[in-house]
Amino acid sequence: MAESESLQKTPLYDEHLAVGGRMVPFAGYSLPVQYTSLAEEHTAVRTKAGLFDVSHMGEVFITGSNAFDFVQNLSCNDHSKLAIGRAQYTGLMYPQGTFVDDMLVHRMDDQEFLLVVNAANRHKDVAYLQGLAEGQEGVTVEDRSDQWAQMAIQGPLASEIAQALTSTDLSAIRYYRFAWGEVAGRRALIARTGYTGEDGFEFYTAPEDAPTVWRALLAEGGPKGLVPAGLGARDTLRFEAGMCLYGQEIDAETTPLEAGLAWIVKLAKGDFIGRDVLQAQSENGTERRLVGFEMLDRGIARHEYEVFLSETDENPAGWVTSGTQSPTFGKALGMAYLPTDHTDIGSEFFVKIRNRRLRARVIKMPFYSRKK
Amino acid sequence: MSIPQDLRYTKSHEWVRIEGDSVVIGITHYAQDQLGEVVFVELPSVGDSVEEGEEMGTLESVKAVSEMLSPLSGEVIEVNEALEDSPDLVNKSPFGEGWLVKIKGSVDGLMDSQSYAALIEAEQH
């Protein structure tokens with residue numbers, strides 16, 4: 001098939017085949033959706049540990065004497081207190097206050113930032129960043145995604161397993177911090193970040209080193225319950241943890257305030273792209289807001305299903321952004337955009353599932369928070 | 001991958017067992033494997049009329065929604081009620097306890113196990 005021929009392979013492609021990964025196309029890459037079972041992989045991450053290949057993520061470097069001002073201007077979060085060795089979650093903003101992408105900003109140095117962006121948005125993001133940098137002194141935008149592999153070890157045993165393979169004291173790397181070190185004898189940027197709601201680390205390595213690190217982690221962690229985990233579990237884990245996925249909860253039409261991400265909007269930091277819109281939304285409120293919900297009737301709400309406020313309303317009041325049968329809770333949960341005056345906890349509404357309107361109720365998000 | 005020889009198969013990966021003037025329908029081992037752990041099954045009701053090639057129910061895994069197509073026209077005379085509480089029977093025993101519906105009517109033109117094996121082979125490459 002022409003489609004599969006054009007797919008990129010990550011440096012861990014052969015490792016996936018070796019352990020039975022079921023490969024699917026995702027954001028231009030061939031990646032494992034699961035190895036043995038989505039539910040088993042999900043549960044392993046919640047109770048022990050899972051290992052993910054996330055080499056498809058984009059790594060974009062912003063460097064130069066004006067790198068800080070440049071990043072500060074395109075991001076809704078405030079990076080003025082971001083010390084070297086720390087990372088922050090933020091939105092890459094359009095002038096409309098909506099998302100070009102969501103990303104992690106790592107401060108590598110005084111004049112160097114690493115932006116980790118979504119694979120599906122990488123080329124769009126780089127073009128946008130280069131457009132903003134055009135004609136500006138002291139800013140270079142460089143897409144180094146192909147020079148980096150990335151894997152994530154996540155779960156309550158992640159730290160213990162990873163510690164056995166590095167002389168870096170992992171307990172000294174607190175949440176959303178990172179350090180350079182060696183893992184399984186290979187140079188790696190070790191970041192305490194992730195997309196599962198569990199403790200864990202993301203390792204950025206040279207592509208040629210990735211298989212060594214991957215195999216060492218599986219060999220070390222396997223006896224303790226570490227399993228390779230695919231895109232399927234990655235999605236259900238982030239969903240239960242209430243984390244946004246670009247293209248579902250957030251996109252070029254939604255703002256961080258609508259998406260419940262007020263904590264990454266720092267209006268007081270000074271001007272930035274999209275600030276006017278976010279300032280107005282902050283003062284006047286938004287018309288819609290993202291909520292979490294549970295199904296009351298039997299059925300599973302899915303991405304893009306319409307929601308209604310009554311059984312008879314002609315027009316939908318919003319839509320489901322993500323929804324599935326939660327492996328942790330064993331029930332159908334979802335996230336949806338609803339009119340703001342209908343977003344109180346306990347509010348009921350209807351999800352249209354195959355021409356029937358089934359009852360749902362707004363509940364607190366995130367659905368899952370790990371015990372600390 | 002198991003493909004019982006005494007059953008007939010559809011291109012959409014249902015199996016059919018003819019029992020006198022009615023047929024029992026399920027999804028194949030290959031179909032359940034592709035779908036992943038089934039967490040929700042929506043079946044027609046007893047007494048419903050179904051049309052050949054039309055959707056008669058839905059199977060959902062955590063990841064995906066899959067429509068179940070009827071290989072024949074006829075009346076639903078029995079549904080597997082155990083699936084409401086134990087949808088995973090479809091994974092554990094796709095050709096046995098995980099059957100879906102029984103329909104009164106007859107069916108022909110379906111594939112035998114050999115042809116179906118060739119279809120799966122082709123789909124995997």
# chains A, B, ... in the order shown; residues from 1 in each chain; ligands from 1
$ residues_around --residues "Glu51 (chain B)" --least-positions-apart "6" --cutoff "10 Å" --atoms "only C-alpha atoms" --output "JSON, numbers by chain"
{"B": [69, 70, 71, 72, 73, 74, 75]}
$ residues_around --residues "Glu60 (chain B)" --least-positions-apart "4" --cutoff "7 Å" --atoms "only C-alpha atoms" --output "list in words"
Val38, Val39, Phe40, Val41, Ala64, Val65 and Ser66 of chain B
$ atom_distance --atom1 "CA of Gly21 (chain A)" --atom2 "CA of Tyr35 (chain A)"
4.3 Å
$ atom_distance --atom1 "CA of Leu89 (chain B)" --atom2 "CA of Phe293 (chain A)"
27.7 Å
$ residues_around --residues "Ser55 (chain A)" --least-positions-apart "3" --cutoff "12 Å" --atoms "only C-alpha atoms" --output "count of residues only"
38
$ residues_around --residues "region 160-166 of chain A" --least-positions-apart "4" --cutoff "7 Å" --atoms "only C-alpha atoms" --output "PyMOL selection string"
chain A and resi 170+182-184+217+220-221
$ closest_atom_pairs --of "chain A" --to "chain B" --cutoff "10 Å" --atoms "only C-alpha atoms" --output "Markdown table"
| residue | atom | partner | partner_atom | distance |
| --- | --- | --- | --- | --- |
| A:Met1 | CA | B:His125 | CA | 8.7 |
| A:Arg22 | CA | B:Gln34 | CA | 9.5 |
| A:Val33 | CA | B:Lys63 | CA | 9.5 |
| A:Gln34 | CA | B:Gly36 | CA | 9.3 |
| A:Thr36 | CA | B:Gly36 | CA | 9.4 |
| A:Ser37 | CA | B:Gly36 | CA | 6.9 |
| A:Leu38 | CA | B:Gly36 | CA | 7.4 |
| A:Ala39 | CA | B:Glu37 | CA | 7.5 |
| A:Glu40 | CA | B:Glu37 | CA | 9.9 |
| A:Leu231 | CA | B:Lys63 | CA | 9.9 |
| A:Gly232 | CA | B:Lys63 | CA | 6.6 |
| A:Ala233 | CA | B:Lys63 | CA | 9.0 |
| A:Asp235 | CA | B:Lys63 | CA | 8.9 |
| A:Thr236 | CA | B:Val62 | CA | 8.1 |
| A:Arg298 | CA | B:Phe40 | CA | 8.8 |
| A:Gly299 | CA | B:Phe40 | CA | 7.5 |
| A:Ile300 | CA | B:Phe40 | CA | 7.8 |
| A:Arg302 | CA | B:Val65 | CA | 8.8 |
| A:Gly323 | CA | B:Val62 | CA | 9.1 |
| A:Thr324 | CA | B:Val62 | CA | 5.8 |
| A:Gln325 | CA | B:Val62 | CA | 5.5 |
| A:Ser326 | CA | B:Val62 | CA | 7.5 |
| A:Pro327 | CA | B:Val62 | CA | 7.8 |
| A:Gly330 | CA | B:Val39 | CA | 8.9 |
| A:Lys331 | CA | B:Val39 | CA | 9.3 |
| A:Ala332 | CA | B:Val62 | CA | 9.4 |
| A:Arg354 | CA | B:Thr58 | CA | 9.5 |
$ select_by_dssp --residues "region 16-223 of chain A" --states "strand (DSSP E)" --output "ChimeraX atom specification"
/A:22-26,29-34,49-53,58-63,87-93,99-109,112-117,140-143,149-154,178-183,186-191,200-205
$ atom_distance --atom1 "CA of Asp108 (chain B)" --atom2 "CA of Pro87 (chain B)"
28.5 Å
$ residues_around --residues "Val227 (chain A)" --least-positions-apart "5" --cutoff "8 Å" --atoms "only C-alpha atoms" --output "CSV table (one decimal) with N, CA and C atoms, in the first residue's frame"
chain,number,residue,atom,x,y,z
A,41,GLU,N,-2.4,-3.1,29.2
A,41,GLU,CA,-1.3,-2.1,29.2
A,41,GLU,C,-1.7,-0.9,30.0
A,44,ALA,N,-1.4,-1.8,33.6
A,44,ALA,CA,0.0,-1.9,34.0
A,44,ALA,C,0.6,-0.5,34.4
A,49,ALA,N,4.0,-0.3,35.8
A,49,ALA,CA,4.7,0.6,34.8
A,49,ALA,C,4.5,0.2,33.4
A,50,GLY,N,4.6,1.2,32.5
A,50,GLY,CA,4.5,1.0,31.1
A,50,GLY,C,5.6,1.8,30.4
A,51,LEU,N,6.0,1.3,29.2
A,51,LEU,CA,7.0,1.9,28.4
A,51,LEU,C,6.4,2.3,27.0
A,218,LEU,N,13.1,-2.6,29.4
A,218,LEU,CA,12.2,-3.8,29.5
A,218,LEU,C,12.9,-5.0,30.2
A,221,GLY,N,12.8,-3.8,33.9
A,221,GLY,CA,11.4,-3.7,34.5
A,221,GLY,C,10.5,-4.9,34.3
A,222,GLY,N,10.8,-5.6,33.2
A,222,GLY,CA,9.9,-6.7,32.9
A,222,GLY,C,9.5,-7.6,34.1
$ residues_around --residues "region 9-22 of chain B" --least-positions-apart "4" --cutoff "6 Å" --atoms "only C-alpha atoms" --output "NGL selection string"
:B and (26-28 or 31 or 103-105 or 110-111)
$ write_last_selection --atoms "N, CA and C atoms" --output "PDB file, in the first residue's frame"
ATOM      1  N   GLY B  26     -22.343 -14.620  14.731  1.00  0.00           N
ATOM      2  CA  GLY B  26     -21.378 -14.040  15.666  1.00  0.00           C
ATOM      3  C   GLY B  26     -20.302 -13.316  14.880  1.00  0.00           C
ATOM      4  N   ILE B  27     -19.262 -12.848  15.565  1.00  0.00           N
ATOM      5  CA  ILE B  27     -18.121 -12.304  14.826  1.00  0.00           C
ATOM      6  C   ILE B  27     -16.945 -13.263  14.988  1.00  0.00           C
ATOM      7  N   THR B  28     -16.041 -13.218  14.027  1.00  0.00           N
ATOM      8  CA  THR B  28     -14.972 -14.218  13.999  1.00  0.00           C
ATOM      9  C   THR B  28     -13.865 -13.890  15.001  1.00  0.00           C
ATOM     10  N   ALA B  31     -12.021 -10.975  13.792  1.00  0.00           N
ATOM     11  CA  ALA B  31     -12.732  -9.714  13.999  1.00  0.00           C
ATOM     12  C   ALA B  31     -12.577  -9.229  15.441  1.00  0.00           C
ATOM     13  N   ILE B 103     -31.402 -15.595  13.947  1.00  0.00           N
ATOM     14  CA  ILE B 103     -32.380 -14.995  13.041  1.00  0.00           C
ATOM     15  C   ILE B 103     -33.085 -16.084  12.250  1.00  0.00           C
ATOM     16  N   LYS B 104     -34.422 -15.945  12.117  1.00  0.00           N
ATOM     17  CA  LYS B 104     -35.184 -16.899  11.327  1.00  0.00           C
ATOM     18  C   LYS B 104     -35.056 -16.505   9.862  1.00  0.00           C
ATOM     19  N   GLY B 105     -34.589 -17.451   9.070  1.00  0.00           N
ATOM     20  CA  GLY B 105     -34.402 -17.162   7.644  1.00  0.00           C
ATOM     21  C   GLY B 105     -33.303 -18.038   7.104  1.00  0.00           C
ATOM     22  N   LEU B 110     -22.417 -17.254   1.106  1.00  0.00           N
ATOM     23  CA  LEU B 110     -21.321 -16.856   2.000  1.00  0.00           C
ATOM     24  C   LEU B 110     -20.078 -17.706   1.736  1.00  0.00           C
ATOM     25  N   MET B 111     -18.991 -17.293   2.343  1.00  0.00           N
ATOM     26  CA  MET B 111     -17.714 -17.984   2.134  1.00  0.00           C
ATOM     27  C   MET B 111     -17.588 -19.226   3.025  1.00  0.00           C
TER      28      MET B 111
END
$ closest_residue --among "B:Tyr30, B:Asn91, B:Glu54, B:Val23" --to "Glu121 (chain B)" --atoms "only C-alpha atoms"
B:Tyr30
$ residues_around --residues "Leu100 (chain B)" --least-positions-apart "3" --cutoff "9 Å" --atoms "only C-alpha atoms" --output "PDB file with N, CA and C atoms, in the first residue's frame"
ATOM      1  N   VAL B  24     -27.543 -18.798  13.376  1.00  0.00           N
ATOM      2  CA  VAL B  24     -26.888 -18.146  14.507  1.00  0.00           C
ATOM      3  C   VAL B  24     -25.722 -17.333  13.937  1.00  0.00           C
ATOM      4  N   ILE B  25     -25.549 -16.112  14.468  1.00  0.00           N
ATOM      5  CA  ILE B  25     -24.524 -15.210  13.932  1.00  0.00           C
ATOM      6  C   ILE B  25     -23.607 -14.725  15.051  1.00  0.00           C
ATOM      7  N   GLY B  26     -22.343 -14.620  14.731  1.00  0.00           N
ATOM      8  CA  GLY B  26     -21.378 -14.040  15.666  1.00  0.00           C
ATOM      9  C   GLY B  26     -20.302 -13.316  14.880  1.00  0.00           C
ATOM     10  N   ILE B  27     -19.262 -12.848  15.565  1.00  0.00           N
ATOM     11  CA  ILE B  27     -18.121 -12.304  14.826  1.00  0.00           C
ATOM     12  C   ILE B  27     -16.945 -13.263  14.988  1.00  0.00           C
ATOM     13  N   VAL B  41     -21.921  -4.131  23.972  1.00  0.00           N
ATOM     14  CA  VAL B  41     -22.592  -4.769  22.838  1.00  0.00           C
ATOM     15  C   VAL B  41     -24.031  -4.272  22.790  1.00  0.00           C
ATOM     16  N   LEU B  43     -27.435  -5.064  20.806  1.00  0.00           N
ATOM     17  CA  LEU B  43     -28.041  -6.054  19.914  1.00  0.00           C
ATOM     18  C   LEU B  43     -29.464  -5.621  19.560  1.00  0.00           C
ATOM     19  N   GLU B  78     -33.772 -14.727  18.792  1.00  0.00           N
ATOM     20  CA  GLU B  78     -33.058 -14.880  20.062  1.00  0.00           C
ATOM     21  C   GLU B  78     -31.842 -13.960  20.032  1.00  0.00           C
ATOM     22  N   VAL B  79     -31.511 -13.376  21.181  1.00  0.00           N
ATOM     23  CA  VAL B  79     -30.258 -12.610  21.278  1.00  0.00           C
ATOM     24  C   VAL B  79     -29.498 -13.122  22.487  1.00  0.00           C
ATOM     25  N   ASN B  80     -28.192 -12.955  22.457  1.00  0.00           N
ATOM     26  CA  ASN B  80     -27.347 -13.447  23.548  1.00  0.00           C
ATOM     27  C   ASN B  80     -27.340 -12.424  24.683  1.00  0.00           C
ATOM     28  N   GLU B  81     -28.259 -12.602  25.626  1.00  0.00           N
ATOM     29  CA  GLU B  81     -28.410 -11.613  26.698  1.00  0.00           C
ATOM     30  C   GLU B  81     -27.229 -11.588  27.656  1.00  0.00           C
ATOM     31  N   LEU B  83     -24.343 -11.110  26.973  1.00  0.00           N
ATOM     32  CA  LEU B  83     -23.344 -10.122  26.544  1.00  0.00           C
ATOM     33  C   LEU B  83     -23.545  -8.759  27.191  1.00  0.00           C
ATOM     34  N   VAL B  90     -17.369 -12.215  23.822  1.00  0.00           N
ATOM     35  CA  VAL B  90     -17.095 -12.118  22.385  1.00  0.00           C
ATOM     36  C   VAL B  90     -15.606 -12.356  22.115  1.00  0.00           C
ATOM     37  N   GLU B  97     -19.738 -19.177  23.310  1.00  0.00           N
ATOM     38  CA  GLU B  97     -20.567 -18.369  24.223  1.00  0.00           C
ATOM     39  C   GLU B  97     -20.698 -16.913  23.809  1.00  0.00           C
TER      40      GLU B  97
END
$ select_by_dssp --residues "region 62-158 of chain A" --states "alpha helix (DSSP H)" --output "list in words"
Ala67, Phe68, Asp69, Phe70, Val71, Gln72, Asn73, Leu74, Arg122, His123, Lys124, Asp125, Val126, Ala127, Tyr128, Leu129, Gln130, Gly131, Leu132, Ala133 and Ala158 of chain A
